[in-house]
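Q: Below is a structure I'd like to ask you about.
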Amino acid sequence: MFRIRRIYDYVLPGNKDAIAQVQHILSEQFYGLSSDNIRQLPEQLRNPLKYRFRSILFVAEDAKNAVKGFALLLHAADLNFCYLDFISAAEDKTGRGIGGALYERVREEALLMNARGLFFECLPDDPRLCPDPDIRKQNVARLRFYERFGARPIVNTAYETPLKPGESPPYLVFDDLGQNRPLRRGSVRAIVRAILERKYRDVCPTEYIQMVVDSFKDDPVKLREPKFVKEKVKPVTRTKSVDKLIALVVNDHHTIHHVRERGYVESPVRIDSILKEILPTNLFLRTLPGRFSETHIKSVHDSQFVDYLRRVCANVPPNKSVYPYVFPIRNVARMPKQLPIRAGYYCIDTFTPLNHNAFRAAKRAVNCSLTAARALLEGHRLAYALVRPPGHHAERRVFGGFCYFNSAAIAANYLCAFGKVAILDIDYHHGNGQQDIFYERSDVLTISIHGHPSFAYPYFSGFAEERGAGAGEGFNINFPLPEKIAVAQYHAALAKALKEIEAFAPQFLVVALGLDPAKGDPTGSWNLIANDFEKSGRMIGGLGYPVLVVQEGGYRTRSLGVNARHFFLGLWNGAHRN
């Protein structure tokens with residue numbers, strides 16, 4: 001068994017290892033390829049402007065992340081075509097379906113980019129061009145394989161003209177991806193010039209390139225008649241490969257934190273409402289929560305605060321709750337000795353209870369968020385931690401707003417080991433927790449779009465002038481909006497936030513997803529509907545960053561799931577438009 005995933009960068013450890021294995025296959029399978037060409041692969045992925053192609057690398061991996069094959073696709077956006085540079089199984093893995101699966105994935109990607117078609121080179125089966133019968137037999141097998149997909153050599157041109165005597169020149173093969181459109185001479189001449197100049201600029205003289213380009217005289221350009229395959233051409237497959245699915249991690253222990261008190265809107269039915277709507281989309285890959293050390297929590301939250309939550313929750317009788325009611329405004333230096341009274345020392349409101357299971361549920365939510373973050377490191381572009389209790393109101397040493405540990409901040413801090421991180425909080429209420437935790441750091445950009453603190457919880461933070469301090473000055477951005485807004489006003493603020501994220505150029509984006517900007521939410525005053533959430537998701541996904549979504553608020557259960565479904569449809573479509 002193997003999976004196919006796209007390698008987007010050379011930053012993550014798993015990607016570095018995969019690229020190194022691809023380079024090893026290149027050195028083993030392509031004897032004429034120079035070591036310089038092999039070494040430049042990471043640079044190709046990083047710097048499309050230098051090579052005038054966007055390089056897209058797919059790898060077929062087994063369960064132990066051993067690369068069994070790969071395909072390197074080049075995309076020329078200016079001329080709207082794709083060129084398959086390499087496709088190969090590892091030396092001992094041919095004939096196991098790897099090549100076919102990779103080629104189908106390449107065809108799908110080319111079609112998703114609206115490419116005119118897929119071009120590539122294949123060595124000839126003509127005895128005049130390839131006199132060696134053993135090599136010719138291998139060439140026939142490759143041409144037969146591609147012909148099953150409708151890909152055939154272009155004929156009546158001088159593309160097969162050898163540069164040096166004795167060389168076996170390749171055919172230029174074309175796969176129209178099942179689009180059945182004529183291949184016009186003018187566009188093909190421009191494409192052939194681009195292939196020869198960009199890919200072979202160091203070996204093809206200018207006169208040779210011009211001669212080959214001029215030899216394309218047919219209009220439309222003709223393909224060789226089918227020679228090997230008589231059955232119907234295979235259509236482009238629409239796969240949900242692993243790298244395209246959204247890794248979904250659900251807090252399977254969330255129901256233990258069920259506060260059965262009137263008016264407590266943060267209820268277990270929220271998770272069920274969302275799952276009921278998003279699972280039928282088939283965009284998600286369910287992943288079980290992993291176990292992570294408590295050091296991840298204590299790297300973000302004060303150790304005494306964490307230890308206090310553990311002790312006080314363990315001492316609260318089952319089915320009972322302790323609500324903070326005394327707060328240390330006058331003297332924070334003297335901590336009360338009694339645990340229940342001390343709740344106010346660590347809390348910012350009177351409606352977030354401590355109960356027997358609050359610590360356990362919050363810790364499990366953190367583990368879910370870290371598992372989803374790890375999925376990004378393993379190759380997913382999108383991951384969703386569907387958790388409760390939420391976390392974005394939990395600051396370094398206080399809880400509140402139904403939040404105990406800041407799962408989004410903890411996951412962001414975890415991802416910081418691999419590059420800069422941006423947090424975008426789109427809950428109706430200010431993301432005061434992330435602001436407090438990262439206020440003096442420049443490696444995490446924190447942005448929050450929320451109701452103005454003059455009328456919205458948590459009231460004492462979220463003002464536009466709060467911009468960070470010390471090293472973090474300028475890396476905290478708030479967009480406080482009026483109590484009543486038009487949807488266009490909301491999306492204008494989101495567009496500004498996304499520009500700030502693009503300027504920061506993070507390696508990862510963490511989205512604190514609140515669905516409480518929705519129409520009719522009992523905790524908000526805005527009127528976003530399903531299509532508005534879909535547009536928000538599409539705008540965020542269009543940035544092209546790996547995105548971790550962590551569930552925060554949203555309490556109107558009648559529309560909660562539908563809004564979540566539309567947000568993720570938008571996010572997925574935005575992320576996969578390129």
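As shown in the structure tokens, the chain order sets the letters A, B, ...; within each chain, residues go from 1, and ligands are also counted from 1 in the order they appear.
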Please return as a VMD selection string: the residues of region 431-485 of chain A that backbone DSSP assigns to strand (DSSP E).
A: chain A and resid 444 to 451 476 to 481
Q: How would the residues just chosen look if you wrote them out with all heavy atoms as a JSON list (two decimals), in the first residue's frame?
A:
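What landed in selection27.json:
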```json
[["chain", "number", "residue", "atom", "x", "y", "z"],
["A", 444, "VAL", "N", 5.28, 35.19, 15.93],
["A", 444, "VAL", "CA", 3.86, 34.85, 15.79],
["A", 444, "VAL", "C", 3.08, 36.15, 15.58],
["A", 444, "VAL", "O", 3.09, 37.03, 16.44],
["A", 444, "VAL", "CB", 3.31, 34.10, 17.01],
["A", 444, "VAL", "CG1", 1.83, 33.80, 16.82],
["A", 444, "VAL", "CG2", 4.09, 32.81, 17.24],
["A", 445, "LEU", "N", 2.43, 36.25, 14.44],
["A", 445, "LEU", "CA", 1.56, 37.39, 14.16],
["A", 445, "LEU", "C", 0.16, 37.05, 14.64],
["A", 445, "LEU", "O", -0.40, 36.02, 14.24],
["A", 445, "LEU", "CB", 1.54, 37.68, 12.66],
["A", 445, "LEU", "CG", 0.56, 38.75, 12.17],
["A", 445, "LEU", "CD1", 1.00, 40.13, 12.64],
["A", 445, "LEU", "CD2", 0.43, 38.71, 10.65],
["A", 446, "THR", "N", -0.41, 37.87, 15.51],
["A", 446, "THR", "CA", -1.77, 37.62, 16.01],
["A", 446, "THR", "C", -2.71, 38.69, 15.47],
["A", 446, "THR", "O", -2.46, 39.89, 15.63],
["A", 446, "THR", "CB", -1.81, 37.61, 17.55],
["A", 446, "THR", "OG1", -1.17, 38.80, 18.06],
["A", 446, "THR", "CG2", -1.07, 36.40, 18.10],
["A", 447, "ILE", "N", -3.78, 38.24, 14.83],
["A", 447, "ILE", "CA", -4.79, 39.13, 14.25],
["A", 447, "ILE", "C", -6.16, 38.67, 14.72],
["A", 447, "ILE", "O", -6.45, 37.47, 14.72],
["A", 447, "ILE", "CB", -4.74, 39.12, 12.71],
["A", 447, "ILE", "CG1", -3.37, 39.60, 12.21],
["A", 447, "ILE", "CG2", -5.85, 39.99, 12.13],
["A", 447, "ILE", "CD1", -3.25, 39.64, 10.69],
["A", 448, "SER", "N", -6.99, 39.63, 15.10],
["A", 448, "SER", "CA", -8.35, 39.30, 15.56],
["A", 448, "SER", "C", -9.34, 40.26, 14.93],
["A", 448, "SER", "O", -9.13, 41.47, 14.92],
["A", 448, "SER", "CB", -8.43, 39.38, 17.08],
["A", 448, "SER", "OG", -9.73, 39.08, 17.53],
["A", 449, "ILE", "N", -10.42, 39.70, 14.37],
["A", 449, "ILE", "CA", -11.55, 40.47, 13.85],
["A", 449, "ILE", "C", -12.72, 40.20, 14.79],
["A", 449, "ILE", "O", -13.13, 39.05, 14.94],
["A", 449, "ILE", "CB", -11.91, 40.05, 12.41],
["A", 449, "ILE", "CG1", -10.69, 40.20, 11.48],
["A", 449, "ILE", "CG2", -13.08, 40.87, 11.89],
["A", 449, "ILE", "CD1", -10.91, 39.62, 10.10],
["A", 450, "HIS", "N", -13.28, 41.22, 15.42],
["A", 450, "HIS", "CA", -14.23, 40.98, 16.50],
["A", 450, "HIS", "C", -15.10, 42.20, 16.74],
["A", 450, "HIS", "O", -14.83, 43.31, 16.24],
["A", 450, "HIS", "CB", -13.48, 40.64, 17.79],
["A", 450, "HIS", "CG", -12.41, 41.65, 18.11],
["A", 450, "HIS", "ND1", -11.10, 41.50, 17.69],
["A", 450, "HIS", "CD2", -12.46, 42.83, 18.78],
["A", 450, "HIS", "CE1", -10.39, 42.54, 18.09],
["A", 450, "HIS", "NE2", -11.18, 43.36, 18.75],
["A", 451, "GLY", "N", -16.15, 41.98, 17.53],
["A", 451, "GLY", "CA", -16.97, 43.08, 17.98],
["A", 451, "GLY", "C", -16.18, 44.00, 18.89],
["A", 451, "GLY", "O", -15.37, 43.55, 19.71],
["A", 476, "ASN", "N", 0.82, 42.44, 16.65],
["A", 476, "ASN", "CA", -0.53, 42.17, 17.14],
["A", 476, "ASN", "C", -1.45, 43.19, 16.48],
["A", 476, "ASN", "O", -1.23, 44.40, 16.58],
["A", 476, "ASN", "CB", -0.61, 42.30, 18.66],
["A", 476, "ASN", "CG", -1.98, 41.93, 19.20],
["A", 476, "ASN", "OD1", -2.30, 40.76, 19.36],
["A", 476, "ASN", "ND2", -2.81, 42.95, 19.45],
["A", 477, "ILE", "N", -2.47, 42.70, 15.78],
["A", 477, "ILE", "CA", -3.35, 43.59, 15.02],
["A", 477, "ILE", "C", -4.80, 43.26, 15.35],
["A", 477, "ILE", "O", -5.21, 42.09, 15.26],
["A", 477, "ILE", "CB", -3.10, 43.44, 13.50],
["A", 477, "ILE", "CG1", -1.63, 43.74, 13.16],
["A", 477, "ILE", "CG2", -4.03, 44.35, 12.72],
["A", 477, "ILE", "CD1", -1.26, 43.41, 11.73],
["A", 478, "ASN", "N", -5.55, 44.28, 15.73],
["A", 478, "ASN", "CA", -6.96, 44.10, 16.04],
["A", 478, "ASN", "C", -7.83, 44.87, 15.05],
["A", 478, "ASN", "O", -7.50, 46.01, 14.68],
["A", 478, "ASN", "CB", -7.27, 44.61, 17.46],
["A", 478, "ASN", "CG", -6.70, 43.68, 18.52],
["A", 478, "ASN", "OD1", -6.79, 42.47, 18.40],
["A", 478, "ASN", "ND2", -6.13, 44.26, 19.58],
["A", 479, "PHE", "N", -8.92, 44.24, 14.64],
["A", 479, "PHE", "CA", -9.92, 44.88, 13.81],
["A", 479, "PHE", "C", -11.25, 44.88, 14.57],
["A", 479, "PHE", "O", -12.11, 44.03, 14.34],
["A", 479, "PHE", "CB", -10.08, 44.13, 12.48],
["A", 479, "PHE", "CG", -8.90, 44.25, 11.56],
["A", 479, "PHE", "CD1", -7.90, 43.28, 11.58],
["A", 479, "PHE", "CD2", -8.77, 45.32, 10.70],
["A", 479, "PHE", "CE1", -6.81, 43.38, 10.74],
["A", 479, "PHE", "CE2", -7.68, 45.43, 9.85],
["A", 479, "PHE", "CZ", -6.69, 44.46, 9.87],
["A", 480, "PRO", "N", -11.45, 45.82, 15.51],
["A", 480, "PRO", "CA", -12.73, 45.90, 16.23],
["A", 480, "PRO", "C", -13.79, 46.53, 15.33],
["A", 480, "PRO", "O", -13.58, 47.60, 14.76],
["A", 480, "PRO", "CB", -12.39, 46.79, 17.43],
["A", 480, "PRO", "CG", -11.23, 47.63, 16.97],
["A", 480, "PRO", "CD", -10.46, 46.81, 15.97],
["A", 481, "LEU", "N", -14.92, 45.85, 15.20],
["A", 481, "LEU", "CA", -15.97, 46.30, 14.28],
["A", 481, "LEU", "C", -17.22, 46.70, 15.06],
["A", 481, "LEU", "O", -17.43, 46.26, 16.20],
["A", 481, "LEU", "CB", -16.30, 45.18, 13.29],
["A", 481, "LEU", "CG", -15.15, 44.71, 12.39],
["A", 481, "LEU", "CD1", -15.63, 43.61, 11.46],
["A", 481, "LEU", "CD2", -14.54, 45.86, 11.61]]
```
Q: Identify, on the basis of only C-alpha atoms, every residue whose closest approach to Phe568 (chain A) does not exceed 8 Å; exclude the query and any residue fewer than 6 positions from it along the same chain; express the result as a PDB file with all heavy atoms, in the first residue's frame.
A:
```
ATOM      1  N   ILE A 278     -20.507  18.315   8.134  1.00  0.00           N
ATOM      2  CA  ILE A 278     -19.243  18.328   7.391  1.00  0.00           C
ATOM      3  C   ILE A 278     -18.832  16.951   6.883  1.00  0.00           C
ATOM      4  O   ILE A 278     -18.181  16.840   5.834  1.00  0.00           O
ATOM      5  CB  ILE A 278     -18.092  18.947   8.214  1.00  0.00           C
ATOM      6  CG1 ILE A 278     -17.719  18.080   9.424  1.00  0.00           C
ATOM      7  CG2 ILE A 278     -18.439  20.370   8.636  1.00  0.00           C
ATOM      8  CD1 ILE A 278     -16.458  18.539  10.146  1.00  0.00           C
ATOM      9  N   GLU A 534     -18.719  30.770   3.583  1.00  0.00           N
ATOM     10  CA  GLU A 534     -18.020  30.118   2.469  1.00  0.00           C
ATOM     11  C   GLU A 534     -17.038  31.087   1.811  1.00  0.00           C
ATOM     12  O   GLU A 534     -15.904  30.715   1.482  1.00  0.00           O
ATOM     13  CB  GLU A 534     -19.017  29.597   1.441  1.00  0.00           C
ATOM     14  CG  GLU A 534     -18.365  28.782   0.340  1.00  0.00           C
ATOM     15  CD  GLU A 534     -19.360  27.971  -0.472  1.00  0.00           C
ATOM     16  OE1 GLU A 534     -20.487  27.747   0.013  1.00  0.00           O
ATOM     17  OE2 GLU A 534     -18.991  27.548  -1.580  1.00  0.00           O
ATOM     18  N   GLY A 537     -13.997  31.411   4.030  1.00  0.00           N
ATOM     19  CA  GLY A 537     -13.116  30.258   3.878  1.00  0.00           C
ATOM     20  C   GLY A 537     -12.330  30.307   2.589  1.00  0.00           C
ATOM     21  O   GLY A 537     -11.131  30.014   2.566  1.00  0.00           O
TER      22      GLY A 537
END
```
Q: What's around His491 (chain A) at 10 Å? Count only C-alpha atoms, leave out sequence neighbours fewer than 2 positions away in its own chain, and write the answer as an MDAnalysis selection string.
A: chainID A and resid 486:489 493:497 532:533 535:536 539
Q: Write out as an NGL selection string which residues come within 10 Å of Pro317 (chain A) when counting only C-alpha atoms, dropping same-chain ones fewer than 3 positions away.
A: :A and (313-314 or 320-322 or 355-357)
Q: Write down as number ranges by chain the residues of region 315-489 of chain A whose backbone DSSP state falls under alpha helix (DSSP H).
A: A: 315, 339-342, 358-377, 407-415, 432-438, 487-489
Q: I want to know what sits within 10 Å of Leu79 (chain A), based on only C-alpha atoms, with residues of the same chain fewer than 3 positions away left out; could you give that as a PyMOL selection string?
A: chain A and resi 75-76+82+115-116+187-188+190-191+194
